[in-house]
Amino acid sequence: MKISLNWLKSYVPIQMDVNDLAEALTMTGLEVEAVYDRYDYLKNVVVGRVVSISAHPNSTKLQCCVVDSGKARIPVVCGAPNVHVNCLSALALPGTQLPDGTIIEASAIRGADSEGMLCSEAELGLGPDRSGIMLLPEDLSVGQSLASALDLSDMVLEIGLTPNRSDCLSFIGIAREVAAIQKTALSYPEINLPEGRGAIRQMTSVSILAPDHCPRYAARILTGAAVGPSPYWLQDRLISVGIRPINNVVDITNFVMMETGQPLHAFDFERLAGHRIVVRTAVSGEPFTTLDHKSRTLTADMLMICDGEKPVAIAGVMGGYNSEIEPATQSILIESACFDPTSIRKTSKYFGLNTDASHRFERGVDPEGTVFALDRAAALMVEICGGVLIEGVIDERPVVLEQKPIVLSAESTNRLLGTQIDSAAMDSMLQSIGFTVEPLNPDQLKVIPPSFRVDVSRPVDLVEEIARLSGYDRIPTTFPVISEGSARSFPSQRPREQILRLMTGLGFSETITYSFVHPQSCKYLRLESGDPRMRILRVLNPLSEDQGIMRTSLIPGVLETVNRNISRQSRNLKLFEIGNVFISNGQDVLPDEIEMLSGLWTGARQEASWHTPDTACDFYDLKGVVEALLSALHIHDIRFSRNAALSCPYLKPGYAAGILCGRRVVGHIGQVHSETLGFFNIKQPVYVFEIDIQKLFASVPDVHQTTAIPRFPAVARDITLILSKTLESRSIIEMVEEMHNPLVERIMLFDVFEGGHLPLDKKSLSFRLTYRSAAETLEDEAVNALHKNISDKLIQEFDAALP
């Protein structure tokens, strides 16, 4: 909402500096987003004196002038008939941008140099005269800024209004707020209607067939009017707030809308069939051509303004091409109405038409201001357009909207705001903005909101008014009293916080993605129909087509993040996310929410440098991260199983594993399948894991046990076994662990070999067993005997052979 300070002064005296006023308005809830002088474009326009004039060498209509700019004498080509030696005029120097967008540059005009432009009033936006250059008074100083010389200044405030403050979508509404801030009086425009002729009800009628959509409709008629350009003052008012002047009739309706907040519409009365107005809903499929010459198909719930035969306007949104004001129009029907906000909002959204009128009707207009705005427009049209006003006004009002009284408690208000404002001060504040207030007792006030405050209906609305009128900056800042001992995190927060700390410590960066994902996400993950993650929950009103369902896996989100980073040449990524996935139990039933952890590694193992080769990360790098994470959580019975990875079709076969804590599958890890990467337009290997946090923390021990530092040395022995290629090395480790021999401290795989002299279906696995006694130093003979016993059992159990 743009507010011209010069225009605003017509309704309230401005006693404050413009910046102080902007701050005060912001502190009352009307945020001023920008303040500027609308004559800033004149900063490169100066008072210039024409020193000499000579004929243009290549044109009989142009002249070559030398103009004194105050700093230098410059050549200017001019074609104005009123230019003469020693005259003072407005000189636009190079770099000036005129109101029509023209930028003045030094150039050659038909072979003659021109380093500026002598301008007319119209070219500078300072008047209607474009017949010649703007001649200035002789007492002005050459070189002086034109804005300074003519005292041209009009500060404009751009105010960002919240949707509930429809009362401030007008100059009178803003003036009311300024008057309350300054404690000054508000001046309403005087309306002097001339004596009318005839009787309006003998010329036209208004029938409201949809009173739930239109509670009030008023109309006046003007005959013998002359349609033409508006006077300069009216054009200037509209230009100051960014509205393009069209003609005097339309400009008056726009002027009154900006002044009062009530949208108006003018019909060519002679083009209305039957010379009457019918307010009804549309017939489904009915065609209609709006003022922008576009044909639109109507639906049955749209409110239309019709004549005796056809629609002539989409109520509250846009008029019709078939009844617009034309240069030959003489008889005008002026409409001022109150429409249902919901109806107008639906129609405006359906057609994608956001007009100044619909913007106001959608938020609610003053039902009691309908006739005031109508009379204001009629008086201006008689004054500017001429003609005769028909006596009387049609004011059809099938539904009367009454403002109900609200009881406000000063004590409750102060308790909510943390203030100490007495009821008398609240009474004064509310009355300053048009509320009717009656004290009931020392604590309570009976308040009746004015009709223009359609957003006030509850005590909390009045509390908000007290807060903003007293000044948000004056409300003291308070903090809740919380004892130190009560500042504890919830149990459900601790796993998240612990994992967050560990993952960042492992060099990963946290990413947070939307819970809404693309409807094809399950397809991208190559999930089968029976997979629980195929039970998707659709979003009824998605933000976009790409966010149509609730996610059942975190993997699509992190892969989207990889795609965005790679497109910005960031190819080495270590990411993780903690978030919920949603497994549907039916569209009308709450889903199962499962908190998951996902991790991703792609690109280089570490940043390349002079001493470190550029090596790509692999499966075992990410496996090490998972092992480090689980170990830090004191989970030691960790296994990775190839068979448990079969339920993850988005992972590459042979490069995937299930993550087990004991015998419980808590997640999966592996290289992302190339088909899945293709859906996300990723062309480099990506390794991911996904873990169910609830299952993971079920394996975290409640009590941590410690063991004494060993006093006696360890002894190591190696064993190499030739086994079936399909056998997992974990099976060997598990069998040794299940022997529960107290002297076996550790077993680890340190070498894998395939090929060479081995059969194609065989592989060689080498393990190192560490033996230690807590009571004595082990002798070689005892260790060798124990090692042979274990080796024999492994050979027999797994049909293995020694090399």
# chains A, B, ... in the order shown; residues from 1 in each chain; ligands from 1
>>> residues_around(residues="A:Thr162", least_positions_apart="3", cutoff="9 Å", atoms="only C-alpha atoms", output="ChimeraX atom specification")
/A:29-31,165-166
>>> residues_around(residues="A:Ser509", least_positions_apart="2", cutoff="9 Å", atoms="only C-alpha atoms", output="list in words")
Met503, Thr504, Gly507, Thr511, Leu573, Lys574, Leu575, Phe576 and Glu577 of chain A
>>> residues_around(residues="A:Ile693", least_positions_apart="2", cutoff="7 Å", atoms="only C-alpha atoms", output="PyMOL selection string")
chain A and resi 595-597+691+695-697
>>> residues_around(residues="A:Gly678", least_positions_apart="2", cutoff="12 Å", atoms="only C-alpha atoms", output="list in words")
Lys523, Tyr524, Leu525, Arg526, Leu559, Glu560, Asn563, Tyr650, Val672, His673, Ser674, Glu675, Thr676, Phe680, Asn681, Ile682, Lys683, Gln684, Pro685 and Val686 of chain A
>>> select_by_dssp(residues="stretch 362-544 of chain A", states="strand (DSSP E or B)", output="list in words")
Val388, Leu389, Ile390, Ile394, Asp395, Glu396, Ile406, Val407, Leu408, Ser409, Thr436, Val437, Glu438, Pro439, Gln444, Leu445, Lys446, Val447, Ile448, Ser509, Glu510, Phe516, Val517 and Arg538 of chain A
>>> residues_around(residues="stretch 620-629 of chain A", least_positions_apart="2", cutoff="8 Å", atoms="only C-alpha atoms", output="PDB file with N, CA, C and O atoms, in the first residue's frame")
ATOM      1  N   ILE A 499      23.416 -38.505  18.586  1.00  0.00           N
ATOM      2  CA  ILE A 499      23.795 -38.845  17.206  1.00  0.00           C
ATOM      3  C   ILE A 499      24.294 -37.604  16.473  1.00  0.00           C
ATOM      4  O   ILE A 499      25.274 -37.669  15.718  1.00  0.00           O
ATOM      5  N   LEU A 502      27.841 -36.986  17.506  1.00  0.00           N
ATOM      6  CA  LEU A 502      28.773 -37.987  16.996  1.00  0.00           C
ATOM      7  C   LEU A 502      28.987 -37.849  15.485  1.00  0.00           C
ATOM      8  O   LEU A 502      30.123 -37.950  15.001  1.00  0.00           O
ATOM      9  N   MET A 503      27.913 -37.648  14.741  1.00  0.00           N
ATOM     10  CA  MET A 503      28.042 -37.563  13.283  1.00  0.00           C
ATOM     11  C   MET A 503      28.835 -36.323  12.873  1.00  0.00           C
ATOM     12  O   MET A 503      29.634 -36.376  11.927  1.00  0.00           O
ATOM     13  N   LEU A 506      32.374 -37.017  13.335  1.00  0.00           N
ATOM     14  CA  LEU A 506      32.932 -37.884  12.291  1.00  0.00           C
ATOM     15  C   LEU A 506      33.110 -37.151  10.961  1.00  0.00           C
ATOM     16  O   LEU A 506      33.461 -37.774   9.955  1.00  0.00           O
ATOM     17  N   LEU A 600      25.262 -40.225   4.159  1.00  0.00           N
ATOM     18  CA  LEU A 600      25.647 -40.304   2.741  1.00  0.00           C
ATOM     19  C   LEU A 600      27.089 -39.840   2.589  1.00  0.00           C
ATOM     20  O   LEU A 600      27.508 -38.865   3.222  1.00  0.00           O
ATOM     21  N   TRP A 601      27.829 -40.560   1.717  1.00  0.00           N
ATOM     22  CA  TRP A 601      29.209 -40.180   1.402  1.00  0.00           C
ATOM     23  C   TRP A 601      29.392 -40.365  -0.099  1.00  0.00           C
ATOM     24  O   TRP A 601      29.093 -41.419  -0.653  1.00  0.00           O
ATOM     25  N   ARG A 605      37.636 -39.501  -0.760  1.00  0.00           N
ATOM     26  CA  ARG A 605      37.779 -39.957   0.628  1.00  0.00           C
ATOM     27  C   ARG A 605      38.225 -38.804   1.510  1.00  0.00           C
ATOM     28  O   ARG A 605      37.766 -38.645   2.629  1.00  0.00           O
ATOM     29  N   CYS A 617      35.926 -42.359  -2.269  1.00  0.00           N
ATOM     30  CA  CYS A 617      35.438 -43.122  -1.129  1.00  0.00           C
ATOM     31  C   CYS A 617      34.792 -44.415  -1.620  1.00  0.00           C
ATOM     32  O   CYS A 617      34.449 -44.547  -2.797  1.00  0.00           O
ATOM     33  N   ASP A 618      34.622 -45.383  -0.711  1.00  0.00           N
ATOM     34  CA  ASP A 618      33.983 -46.636  -1.106  1.00  0.00           C
ATOM     35  C   ASP A 618      33.088 -47.128   0.025  1.00  0.00           C
ATOM     36  O   ASP A 618      32.900 -46.454   1.046  1.00  0.00           O
ATOM     37  N   SER A 631      29.909 -47.946  17.928  1.00  0.00           N
ATOM     38  CA  SER A 631      30.875 -48.187  19.001  1.00  0.00           C
ATOM     39  C   SER A 631      30.830 -47.063  20.025  1.00  0.00           C
ATOM     40  O   SER A 631      30.921 -47.304  21.233  1.00  0.00           O
ATOM     41  N   ALA A 632      30.671 -45.805  19.550  1.00  0.00           N
ATOM     42  CA  ALA A 632      30.592 -44.670  20.467  1.00  0.00           C
ATOM     43  C   ALA A 632      29.326 -44.729  21.312  1.00  0.00           C
ATOM     44  O   ALA A 632      29.275 -44.142  22.404  1.00  0.00           O
ATOM     45  N   LEU A 633      28.308 -45.437  20.802  1.00  0.00           N
ATOM     46  CA  LEU A 633      27.071 -45.626  21.560  1.00  0.00           C
ATOM     47  C   LEU A 633      27.160 -46.862  22.465  1.00  0.00           C
ATOM     48  O   LEU A 633      26.150 -47.257  23.054  1.00  0.00           O
ATOM     49  N   ILE A 638      28.023 -55.772  16.765  1.00  0.00           N
ATOM     50  CA  ILE A 638      27.632 -55.180  15.477  1.00  0.00           C
ATOM     51  C   ILE A 638      27.965 -56.165  14.365  1.00  0.00           C
ATOM     52  O   ILE A 638      29.064 -56.729  14.320  1.00  0.00           O
ATOM     53  N   ILE A 669      22.950 -50.485   4.567  1.00  0.00           N
ATOM     54  CA  ILE A 669      24.064 -49.689   4.071  1.00  0.00           C
ATOM     55  C   ILE A 669      24.474 -50.228   2.718  1.00  0.00           C
ATOM     56  O   ILE A 669      24.353 -51.431   2.454  1.00  0.00           O
ATOM     57  N   TYR A 687      27.230 -43.569  -1.642  1.00  0.00           N
ATOM     58  CA  TYR A 687      27.080 -44.607  -0.620  1.00  0.00           C
ATOM     59  C   TYR A 687      26.205 -44.049   0.493  1.00  0.00           C
ATOM     60  O   TYR A 687      26.412 -42.910   0.954  1.00  0.00           O
ATOM     61  N   VAL A 688      25.206 -44.844   0.919  1.00  0.00           N
ATOM     62  CA  VAL A 688      24.256 -44.359   1.914  1.00  0.00           C
ATOM     63  C   VAL A 688      24.027 -45.420   2.992  1.00  0.00           C
ATOM     64  O   VAL A 688      24.295 -46.607   2.788  1.00  0.00           O
ATOM     65  N   PHE A 689      23.539 -44.975   4.137  1.00  0.00           N
ATOM     66  CA  PHE A 689      22.980 -45.891   5.131  1.00  0.00           C
ATOM     67  C   PHE A 689      21.728 -45.251   5.704  1.00  0.00           C
ATOM     68  O   PHE A 689      21.554 -44.028   5.674  1.00  0.00           O
TER      69      PHE A 689
END
>>> residues_around(residues="A:Val66", least_positions_apart="2", cutoff="10 Å", atoms="only C-alpha atoms", output="mmCIF file with N, CA and C atoms, in the first residue's frame")
data_model
loop_
_atom_site.group_PDB
_atom_site.id
_atom_site.type_symbol
_atom_site.label_atom_id
_atom_site.label_comp_id
_atom_site.auth_asym_id
_atom_site.auth_seq_id
_atom_site.Cartn_x
_atom_site.Cartn_y
_atom_site.Cartn_z
ATOM 1 N N GLY A 48 18.124 25.674 -16.194
ATOM 2 C CA GLY A 48 19.085 26.047 -17.227
ATOM 3 C C GLY A 48 18.665 27.328 -17.949
ATOM 4 N N ARG A 49 19.654 28.108 -18.385
ATOM 5 C CA ARG A 49 19.359 29.341 -19.147
ATOM 6 C C ARG A 49 19.846 29.168 -20.581
ATOM 7 N N VAL A 50 18.959 29.476 -21.532
ATOM 8 C CA VAL A 50 19.323 29.377 -22.949
ATOM 9 C C VAL A 50 20.195 30.583 -23.301
ATOM 10 N N VAL A 51 21.448 30.333 -23.665
ATOM 11 C CA VAL A 51 22.409 31.406 -23.951
ATOM 12 C C VAL A 51 22.315 31.849 -25.401
ATOM 13 N N SER A 52 22.212 30.881 -26.304
ATOM 14 C CA SER A 52 22.139 31.235 -27.732
ATOM 15 C C SER A 52 21.358 30.171 -28.480
ATOM 16 N N ILE A 53 20.823 30.541 -29.645
ATOM 17 C CA ILE A 53 20.052 29.630 -30.504
ATOM 18 C C ILE A 53 20.528 29.797 -31.929
ATOM 19 N N SER A 54 20.746 28.673 -32.611
ATOM 20 C CA SER A 54 21.109 28.718 -34.031
ATOM 21 C C SER A 54 20.324 27.641 -34.764
ATOM 22 N N GLN A 63 16.216 23.226 -33.480
ATOM 23 C CA GLN A 63 17.168 24.321 -33.290
ATOM 24 C C GLN A 63 18.293 23.853 -32.381
ATOM 25 N N CYS A 64 19.454 24.427 -32.581
ATOM 26 C CA CYS A 64 20.618 24.094 -31.748
ATOM 27 C C CYS A 64 20.803 25.203 -30.717
ATOM 28 N N ASP A 68 23.217 27.166 -20.410
ATOM 29 C CA ASP A 68 24.061 27.282 -19.224
ATOM 30 C C ASP A 68 23.446 26.413 -18.121
ATOM 31 N N SER A 69 24.187 25.359 -17.684
ATOM 32 C CA SER A 69 23.675 24.449 -16.651
ATOM 33 C C SER A 69 24.114 24.865 -15.259
ATOM 34 N N ALA A 72 28.517 24.434 -16.631
ATOM 35 C CA ALA A 72 29.116 24.486 -17.965
ATOM 36 C C ALA A 72 28.053 24.897 -18.974
ATOM 37 N N ARG A 73 28.516 25.263 -20.141
ATOM 38 C CA ARG A 73 27.593 25.545 -21.244
ATOM 39 C C ARG A 73 27.590 24.343 -22.177
ATOM 40 N N ILE A 74 26.404 23.782 -22.391
ATOM 41 C CA ILE A 74 26.318 22.520 -23.139
ATOM 42 C C ILE A 74 25.390 22.689 -24.335
ATOM 43 N N PRO A 75 25.658 21.939 -25.411
ATOM 44 C CA PRO A 75 24.765 21.992 -26.583
ATOM 45 C C PRO A 75 23.521 21.142 -26.348
ATOM 46 N N VAL A 76 22.364 21.674 -26.739
ATOM 47 C CA VAL A 76 21.099 20.946 -26.613
ATOM 48 C C VAL A 76 20.280 21.188 -27.869
ATOM 49 N N VAL A 77 19.835 20.109 -28.504
ATOM 50 C CA VAL A 77 18.944 20.223 -29.663
ATOM 51 C C VAL A 77 17.514 20.270 -29.149
ATOM 52 N N VAL A 85 16.118 32.971 -26.406
ATOM 53 C CA VAL A 85 17.349 33.333 -25.702
ATOM 54 C C VAL A 85 17.013 33.969 -24.350
ATOM 55 N N SER A 114 23.945 16.816 -28.761
ATOM 56 C CA SER A 114 22.975 17.237 -27.751
ATOM 57 C C SER A 114 23.340 16.531 -26.454
ATOM 58 N N GLU A 115 23.666 17.320 -25.430
ATOM 59 C CA GLU A 115 24.119 16.762 -24.166
ATOM 60 C C GLU A 115 23.107 16.973 -23.041
#
>>> atom_distance(atom1="atom CA of A:Met1", atom2="atom CA of A:Ala34")
10.6 Å
>>> residues_around(residues="A:Ser791", least_positions_apart="6", cutoff="10 Å", atoms="only C-alpha atoms", output="PyMOL selection string")
chain A and resi 718-721+736+785+797+800+802
>>> closest_residue(among="A:Val400, A:Ala226, A:Ala180, A:Ile344", to="A:Asp301", atoms="only C-alpha atoms")
A:Ile344
